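This report concerns only the one structure given below.
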Amino acid sequence: MDFLCPTTFAEALAIKAERPDAVPIAGGTDVMVELNFDHRRPAALLDLTRIADLREWSTQDGVLRVGSGVPYARIIEELGEQLPGLAMASRTVGSPQIRNRGTVGGNLGAASPAGDTHPVLLAGDAVVEVASLRGTRLIPAADFYLGVKRNALAPDELISAVRLAPAPGPQQFAKVGTRNAMVIAVCSFAISLHPAEKRVGAAVGSAAPTPRHAPAAEEFLAGELDFESPKPLLDSVKRRFGELVAEAASPINDVRGSAAYRKHALAVLARRTLGWAWQDYLGKERQCA
Ligand SMILES: Cc1cc2nc3c(=O)[nH]c(=O)nc-3n(C[C@H](O)[C@H](O)[C@H](O)COP(=O)(O)OP(=O)(O)OC[C@H]3O[C@@H](n4cnc5c(N)ncnc54)[C@H](O)[C@@H]3O)c2cc1C
């Protein structure tokens, strides 16, 4: 197996153009498992860990640009205030070792329906920045996931960064698993409130072939929430929101859970996270008043 070690992103793109069969490796927490279990035997690995640019994050025109190689541990430490939803999801990934190595770029590259960052990226309107020698493409997260472990990357492209606005309002992420750590989501859910635009982002994970928005739930809640003079939420609103989130899912029965359980759990997660997010919003509004 060839092990290709570029030290700049330009060099990595040139190699990927010449060797589209080369499998990129960032933290290796997915790739190494596949190699160890012999699920994959690529002719070449393209090591991205020597490319310093991919491990940087910055703010450009009010939007955060998080390099694809920034590990979860740094997202938690350095971006928790600006991207609380992404930090919450990052905290639930694997173990400290996995969070030190694993990256959002790798989560996107793997495109598992169960990847923890996906619902947050959808709810927060993230845009995936991908590049090749042909140029840069900006792909909205909603268009990035094409199927189970399939994404919109062309063979010569690499993920350079994820672009996200700092949280415009409260955000929450919750995941159901069989234990508290080191667990693949049975199902997961993210909500992001966008008070200035009087809008809500809501997305489900591990509950369909791809992570996906819950559009009917988003629309319903935008009509119910009064961002200007916020009041405590009626239980009936939370319940209906939960039902609409569950309806957005098309889960399967598998070893981790039944389809019926996943739908039930999603409704519960949606109700709870909405309650927390709205409580947070009410608290902030009271402080400002
Ligand atoms: C013990 C264990 C626990 C885990 N727990 C969780 C969990 O709780 N939640 C969760 O979501 N995941 C979990 N994972 C999976 C994994 O840690 C995550 O998917 C992680 O985000 C992968 O990032 P990485 O940098 O290690 O990716 P890698 O393994 O390096 O790569 C993953 C995929 O992305 C591609 N890729 C990587 N970088 C790029 C790039 N810049 N451009 C294009 N393609 C790229 C690779 O070719 C590969 O296909 C776990 C894994 C292990 C081993």
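By order in the structure tokens, chains are A, B, ...; within a chain, residues start at 1; ligands start at 1, following the order shown.
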
Legend entry - Picked from region 24-254 of chain A by DSSP as strand (DSSP E), as a VMD selection string: chain A and resid 24 to 25 44 to 47 57 to 60 63 to 67 127 to 132 135 to 140 145 to 147 150 to 151 158 to 164 171 to 176 187 to 194 199 to 205 212 to 213

Create the file for the chosen residues now, containing C-alpha atoms and written as a compact mmCIF listing (two decimals), in the first residue's frame.
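part_34.txt, freshly written:
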# COMPACT_ATOMS: atom_id res chain seq x y z
CA PRO A 24 -7.78 10.19 2.73
CA ILE A 25 -6.95 9.58 6.36
CA ALA A 44 -3.03 4.08 -1.31
CA LEU A 45 -3.69 6.15 1.80
CA LEU A 46 -3.50 9.93 1.62
CA ASP A 47 -2.37 11.17 5.03
CA TRP A 57 -10.31 27.58 12.42
CA SER A 58 -11.06 31.25 11.80
CA THR A 59 -13.88 33.76 11.46
CA GLN A 60 -14.43 35.27 8.03
CA VAL A 63 -18.92 33.04 9.61
CA LEU A 64 -16.78 30.42 11.32
CA ARG A 65 -14.61 28.35 9.02
CA VAL A 66 -13.59 25.19 10.86
CA GLY A 67 -10.82 23.24 9.10
CA VAL A 127 -21.96 24.53 4.41
CA VAL A 128 -19.29 21.98 3.52
CA GLU A 129 -16.30 23.45 1.70
CA VAL A 130 -14.71 20.97 -0.68
CA ALA A 131 -11.79 21.48 -3.03
CA SER A 132 -9.98 19.93 -5.97
CA GLY A 135 -11.60 24.77 -7.70
CA THR A 136 -13.66 25.09 -4.52
CA ARG A 137 -17.32 24.06 -4.10
CA LEU A 138 -19.62 25.09 -1.26
CA ILE A 139 -22.16 22.35 -0.58
CA PRO A 140 -25.02 22.99 1.88
CA TYR A 145 -25.47 13.36 2.35
CA LEU A 146 -26.55 11.19 -0.58
CA GLY A 147 -27.16 7.78 0.99
CA ARG A 150 -22.34 8.11 0.54
CA ASN A 151 -21.64 11.80 0.16
CA LEU A 158 -11.16 16.70 -0.41
CA ILE A 159 -13.11 18.39 2.37
CA SER A 160 -11.24 21.53 3.34
CA ALA A 161 -13.59 23.00 6.00
CA VAL A 162 -17.07 23.41 7.36
CA ARG A 163 -18.61 26.89 7.41
CA LEU A 164 -21.14 27.75 10.10
CA GLN A 171 -28.91 25.10 20.34
CA GLN A 172 -29.29 21.58 21.69
CA PHE A 173 -28.20 18.10 20.68
CA ALA A 174 -29.27 14.81 22.24
CA LYS A 175 -28.53 11.20 21.44
CA VAL A 176 -29.97 7.89 22.62
CA CYS A 187 -31.05 7.93 17.16
CA SER A 188 -30.08 11.56 17.63
CA PHE A 189 -31.62 14.98 17.27
CA ALA A 190 -30.44 18.59 16.99
CA ILE A 191 -32.35 21.86 17.26
CA SER A 192 -31.16 25.37 16.55
CA LEU A 193 -33.26 28.49 17.21
CA HIS A 194 -32.80 31.41 14.79
CA ARG A 199 -37.06 30.28 12.28
CA VAL A 200 -36.04 26.90 13.67
CA GLY A 201 -33.62 24.25 12.42
CA ALA A 202 -34.37 20.65 13.41
CA ALA A 203 -32.69 17.49 12.15
CA VAL A 204 -32.57 13.78 12.94
CA GLY A 205 -29.67 11.32 12.87
CA ARG A 212 -32.10 14.77 7.43
CA HIS A 213 -34.08 17.87 8.31

Legend entry - Shell of 9 Å around Arg256 (chain A), only C-alpha atoms, local chain residues under 3 positions omitted, as a list in words: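 Counting only the stated atoms, we get Gly177, Thr178, Ile184, Ala185, Val186 and Asn253 of chain A.
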
Considering only C-alpha atoms and all ligand atoms, give me a table of residues in chain A that are at most 8 Å from ligand 1, with the closest atom pair and distance in Å for each, as CSV.
residue,atom,partner,partner_atom_place_in_ligand_line,distance
A:Val23,CA,ligand 1,47 (O),4.7
A:Pro24,CA,ligand 1,47 (O),3.8
A:Ile25,CA,ligand 1,30 (O),3.8
A:Ala26,CA,ligand 1,30 (O),3.4
A:Gly27,CA,ligand 1,26 (O),3.3
A:Gly28,CA,ligand 1,29 (O),3.3
A:Thr29,CA,ligand 1,26 (O),3.6
A:Asp30,CA,ligand 1,29 (O),3.4
A:Val31,CA,ligand 1,29 (O),3.9
A:Met32,CA,ligand 1,29 (O),6.3
A:Val33,CA,ligand 1,53 (C),6.2
A:Leu48,CA,ligand 1,41 (N),7.0
A:Leu54,CA,ligand 1,41 (N),7.7
A:Ser68,CA,ligand 1,41 (N),5.3
A:Gly69,CA,ligand 1,41 (N),6.6
A:Pro71,CA,ligand 1,25 (O),7.1
A:Tyr72,CA,ligand 1,21 (O),7.9
A:Ser90,CA,ligand 1,9 (N),7.8
A:Thr92,CA,ligand 1,8 (O),5.7
A:Val93,CA,ligand 1,8 (O),3.3
A:Gly94,CA,ligand 1,5 (N),3.4
A:Ser95,CA,ligand 1,3 (C),6.6
A:Ile98,CA,ligand 1,17 (O),5.6
A:Arg99,CA,ligand 1,17 (O),7.3
A:Arg101,CA,ligand 1,26 (O),5.8
A:Gly102,CA,ligand 1,26 (O),3.7
A:Thr103,CA,ligand 1,25 (O),3.9
A:Val104,CA,ligand 1,21 (O),5.1
A:Gly105,CA,ligand 1,38 (N),4.8
A:Gly106,CA,ligand 1,27 (O),3.3
A:Asn107,CA,ligand 1,21 (O),3.6
A:Leu108,CA,ligand 1,34 (O),6.2
A:Gly109,CA,ligand 1,34 (O),3.2
A:Ala110,CA,ligand 1,33 (C),4.0
A:Ala111,CA,ligand 1,34 (O),7.6
A:Ser112,CA,ligand 1,19 (O),7.4
A:Ala114,CA,ligand 1,11 (O),6.2
A:Gly115,CA,ligand 1,11 (O),3.4
A:Asp116,CA,ligand 1,11 (O),3.9
A:Thr117,CA,ligand 1,11 (O),6.3
A:Val130,CA,ligand 1,42 (N),7.6
A:Leu153,CA,ligand 1,43 (C),7.4
A:Glu157,CA,ligand 1,43 (C),6.8
A:Leu158,CA,ligand 1,42 (N),3.7
A:Ile159,CA,ligand 1,42 (N),3.7
A:Ser160,CA,ligand 1,41 (N),5.6
A:Ala161,CA,ligand 1,41 (N),7.7
A:Ala181,CA,ligand 1,8 (O),7.2
A:Met182,CA,ligand 1,3 (C),5.2
A:Val183,CA,ligand 1,8 (O),5.1
A:Ile184,CA,ligand 1,8 (O),5.1
A:Ala185,CA,ligand 1,8 (O),6.9

Okay, now the selection with N, CA and C atoms, as a compact mmCIF listing (two decimals), in the first residue's frame?
# COMPACT_ATOMS: atom_id res chain seq x y z
N VAL A 23 -7.23 6.80 -0.47
CA VAL A 23 -8.22 7.06 0.60
C VAL A 23 -7.63 8.07 1.59
N PRO A 24 -8.29 9.22 1.74
CA PRO A 24 -7.78 10.19 2.73
C PRO A 24 -7.85 9.62 4.14
N ILE A 25 -6.90 9.97 4.95
CA ILE A 25 -6.95 9.58 6.36
C ILE A 25 -6.63 10.81 7.20
N ALA A 26 -7.57 11.14 8.10
CA ALA A 26 -7.38 12.30 9.00
C ALA A 26 -7.08 11.74 10.39
N GLY A 27 -8.08 11.66 11.28
CA GLY A 27 -7.82 11.06 12.60
C GLY A 27 -7.65 9.54 12.51
N GLY A 28 -8.17 8.94 11.46
CA GLY A 28 -8.04 7.50 11.26
C GLY A 28 -8.99 6.66 12.11
N THR A 29 -9.89 7.30 12.84
CA THR A 29 -10.73 6.53 13.77
C THR A 29 -11.82 5.73 13.05
N ASP A 30 -12.11 6.07 11.81
CA ASP A 30 -12.96 5.21 10.97
C ASP A 30 -12.08 4.37 10.05
N VAL A 31 -11.11 5.03 9.39
CA VAL A 31 -10.31 4.33 8.37
C VAL A 31 -9.55 3.16 8.97
N MET A 32 -8.94 3.34 10.14
CA MET A 32 -8.12 2.27 10.70
C MET A 32 -8.96 1.07 11.12
N VAL A 33 -10.21 1.35 11.56
CA VAL A 33 -11.10 0.24 11.92
C VAL A 33 -11.40 -0.58 10.66
N LEU A 48 -3.55 13.17 5.77
CA LEU A 48 -3.80 14.62 5.80
C LEU A 48 -3.27 15.27 7.10
N LEU A 54 -5.41 22.55 7.63
CA LEU A 54 -6.66 21.82 7.89
C LEU A 54 -6.99 21.80 9.37
N SER A 68 -11.25 21.03 8.24
CA SER A 68 -11.77 19.65 8.34
C SER A 68 -10.96 18.80 9.32
N GLY A 69 -9.73 19.21 9.61
CA GLY A 69 -8.88 18.40 10.50
C GLY A 69 -8.85 18.87 11.94
N PRO A 71 -9.74 18.53 15.51
CA PRO A 71 -10.34 17.40 16.25
C PRO A 71 -11.45 17.85 17.20
N TYR A 72 -12.29 16.88 17.58
CA TYR A 72 -13.43 17.18 18.46
C TYR A 72 -12.98 17.84 19.76
N SER A 90 -19.97 16.94 19.81
CA SER A 90 -18.57 16.48 19.90
C SER A 90 -18.32 15.79 21.23
N THR A 92 -20.22 13.94 22.83
CA THR A 92 -20.79 12.59 22.90
C THR A 92 -20.04 11.60 22.01
N VAL A 93 -19.07 12.08 21.23
CA VAL A 93 -18.36 11.17 20.32
C VAL A 93 -17.37 10.30 21.11
N GLY A 94 -17.49 8.99 20.95
CA GLY A 94 -16.52 8.02 21.44
C GLY A 94 -16.01 8.26 22.85
N SER A 95 -14.70 8.39 22.96
CA SER A 95 -13.98 8.49 24.23
C SER A 95 -12.98 9.64 24.10
N ILE A 98 -10.72 9.07 21.13
CA ILE A 98 -11.37 9.27 19.82
C ILE A 98 -11.58 10.77 19.59
N ARG A 99 -11.94 11.50 20.64
CA ARG A 99 -12.17 12.95 20.47
C ARG A 99 -10.86 13.70 20.20
N ARG A 101 -8.45 12.47 18.32
CA ARG A 101 -8.03 12.16 16.95
C ARG A 101 -9.12 12.49 15.92
N GLY A 102 -10.36 12.15 16.26
CA GLY A 102 -11.46 12.23 15.29
C GLY A 102 -11.81 13.67 14.93
N THR A 103 -12.28 13.84 13.69
CA THR A 103 -12.54 15.18 13.16
C THR A 103 -13.93 15.26 12.53
N VAL A 104 -14.42 16.49 12.39
CA VAL A 104 -15.70 16.69 11.70
C VAL A 104 -15.53 16.31 10.22
N GLY A 105 -14.36 16.63 9.66
CA GLY A 105 -14.09 16.25 8.26
C GLY A 105 -14.23 14.74 8.07
N GLY A 106 -13.73 13.99 9.05
CA GLY A 106 -13.82 12.53 8.98
C GLY A 106 -15.25 12.04 9.13
N ASN A 107 -16.02 12.70 10.00
CA ASN A 107 -17.44 12.37 10.17
C ASN A 107 -18.17 12.57 8.84
N LEU A 108 -17.86 13.68 8.17
CA LEU A 108 -18.49 13.98 6.87
C LEU A 108 -18.01 13.01 5.80
N GLY A 109 -16.71 12.71 5.83
CA GLY A 109 -16.14 11.79 4.84
C GLY A 109 -16.79 10.42 4.95
N ALA A 110 -16.97 9.96 6.19
CA ALA A 110 -17.57 8.64 6.41
C ALA A 110 -19.06 8.65 6.07
N ALA A 111 -19.72 9.80 6.32
CA ALA A 111 -21.15 9.98 6.00
C ALA A 111 -22.03 8.86 6.55
N SER A 112 -21.69 8.35 7.73
CA SER A 112 -22.57 7.34 8.36
C SER A 112 -23.86 8.05 8.78
N ALA A 114 -25.35 7.56 11.29
CA ALA A 114 -25.29 7.69 12.75
C ALA A 114 -24.26 8.70 13.22
N GLY A 115 -23.52 9.33 12.31
CA GLY A 115 -22.49 10.30 12.72
C GLY A 115 -23.11 11.41 13.57
N ASP A 116 -22.46 11.73 14.68
CA ASP A 116 -23.10 12.64 15.64
C ASP A 116 -23.14 14.10 15.19
N THR A 117 -22.21 14.51 14.34
CA THR A 117 -22.21 15.95 14.01
C THR A 117 -23.29 16.30 12.98
N VAL A 130 -15.53 22.04 -0.11
CA VAL A 130 -14.71 20.97 -0.68
C VAL A 130 -13.85 21.56 -1.81
N LEU A 153 -18.96 14.10 -2.44
CA LEU A 153 -17.58 14.34 -2.88
C LEU A 153 -17.30 13.64 -4.21
N GLU A 157 -11.89 15.15 -5.03
CA GLU A 157 -12.11 16.23 -4.06
C GLU A 157 -11.75 15.84 -2.62
N LEU A 158 -11.38 16.86 -1.86
CA LEU A 158 -11.16 16.70 -0.41
C LEU A 158 -12.01 17.74 0.31
N ILE A 159 -12.37 17.42 1.56
CA ILE A 159 -13.11 18.39 2.37
C ILE A 159 -12.08 19.31 3.00
N SER A 160 -12.21 20.60 2.75
CA SER A 160 -11.24 21.53 3.34
C SER A 160 -11.76 22.07 4.68
N ALA A 161 -13.07 22.37 4.77
CA ALA A 161 -13.59 23.00 6.00
C ALA A 161 -15.09 22.88 6.06
N ALA A 181 -21.26 6.48 27.11
CA ALA A 181 -20.08 6.85 26.31
C ALA A 181 -19.76 5.70 25.37
N MET A 182 -18.92 5.99 24.37
CA MET A 182 -18.48 4.97 23.40
C MET A 182 -19.67 4.25 22.79
N VAL A 183 -20.60 5.03 22.28
CA VAL A 183 -21.81 4.38 21.76
C VAL A 183 -22.25 5.03 20.45
N ILE A 184 -22.60 4.16 19.50
CA ILE A 184 -23.15 4.67 18.24
C ILE A 184 -24.60 5.02 18.52
N ALA A 185 -25.05 6.15 17.99
CA ALA A 185 -26.41 6.61 18.29
C ALA A 185 -27.45 5.61 17.80

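In this comparison, which uses only C-alpha atoms, the residue of A:Leu282, A:Ala207, A:Ala52, A:Ala22 approaching His118 (chain A) most closely is A:Ala207.
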
Against region 272-281 of chain A, which residues of region 189-253 of chain A fall within 10 Å? For each one I want the closest pair of atoms and the distance in Å (one decimal), counting only C-alpha atoms, rows by chain and increasing residue number, as a Markdown table.
| residue | atom | partner | partner_atom | distance |
| --- | --- | --- | --- | --- |
| A:Phe189 | CA | A:Thr273 | CA | 8.3 |
| A:Ala190 | CA | A:Thr273 | CA | 7.8 |
| A:Ile191 | CA | A:Thr273 | CA | 7.1 |
| A:Ser192 | CA | A:Ala277 | CA | 8.0 |
| A:Leu193 | CA | A:Ala277 | CA | 7.6 |
| A:Pro195 | CA | A:Tyr281 | CA | 9.0 |
| A:Ala202 | CA | A:Leu274 | CA | 9.7 |
| A:Leu221 | CA | A:Leu274 | CA | 9.6 |
| A:Leu225 | CA | A:Trp278 | CA | 8.9 |
| A:Phe227 | CA | A:Tyr281 | CA | 8.6 |
| A:Pro230 | CA | A:Tyr281 | CA | 8.1 |
| A:Lys231 | CA | A:Trp278 | CA | 9.1 |
| A:Pro232 | CA | A:Gln279 | CA | 7.7 |
| A:Leu233 | CA | A:Gly275 | CA | 7.7 |
| A:Leu234 | CA | A:Gly275 | CA | 9.9 |
| A:Asp235 | CA | A:Gly275 | CA | 9.4 |
| A:Val237 | CA | A:Leu274 | CA | 9.8 |
| A:Lys238 | CA | A:Leu274 | CA | 7.0 |
| A:Arg239 | CA | A:Arg272 | CA | 9.7 |
| A:Phe241 | CA | A:Leu274 | CA | 8.5 |
| A:Gly242 | CA | A:Arg272 | CA | 8.8 |

Inset, instruction - Go through A:Pro20, A:Pro96, A:Pro155, A:Pro168 and flag the residue nearest Leu83 (chain A), using only C-alpha atoms for the distances. - result: A:Pro168

Legend entry - Option closest in space to Ile51 (chain A), from A:Leu79, A:Ala267, A:Ala196, A:Cys5 [counting only C-alpha atoms]: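 Closest candidate: A:Cys5.
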
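Counting only C-alpha atoms, the residue from A:Ala165, A:Leu244, A:Lys198, A:Pro6 that sits nearest to Ala222 (chain A) is A:Lys198.
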
Inset, instruction - Would you mind reading off the distance between CA of Pro84 (chain A) and CA of Ala123 (chain A), one decimal, in Å? - result: 12.2 Å

Legend entry - Selected residue of minimal separation from Ala10 (chain A) among A:Arg134, A:Ala270, A:Leu86, A:Leu122, counting only C-alpha atoms: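 Using only C-alpha atoms, the shortest distance to Ala10 (chain A) belongs to A:Arg134.
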
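Between CA of Val70 (chain A) and CA of Asn100 (chain A) there is a distance of 9.3 Å.
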
Legend entry - Atomic distance CA of Lys149 (chain A) - CA of Glu78 (chain A), expressed in Å with one decimal: 28.8 Å

Inset, instruction - From a DSSP pass on the backbone, collect the residues of region 99-140 of chain A flagged as helix (DSSP H, G or I) and hand them back as a PyMOL selection string. - result: chain A and resi 99-101+104-110+117-123
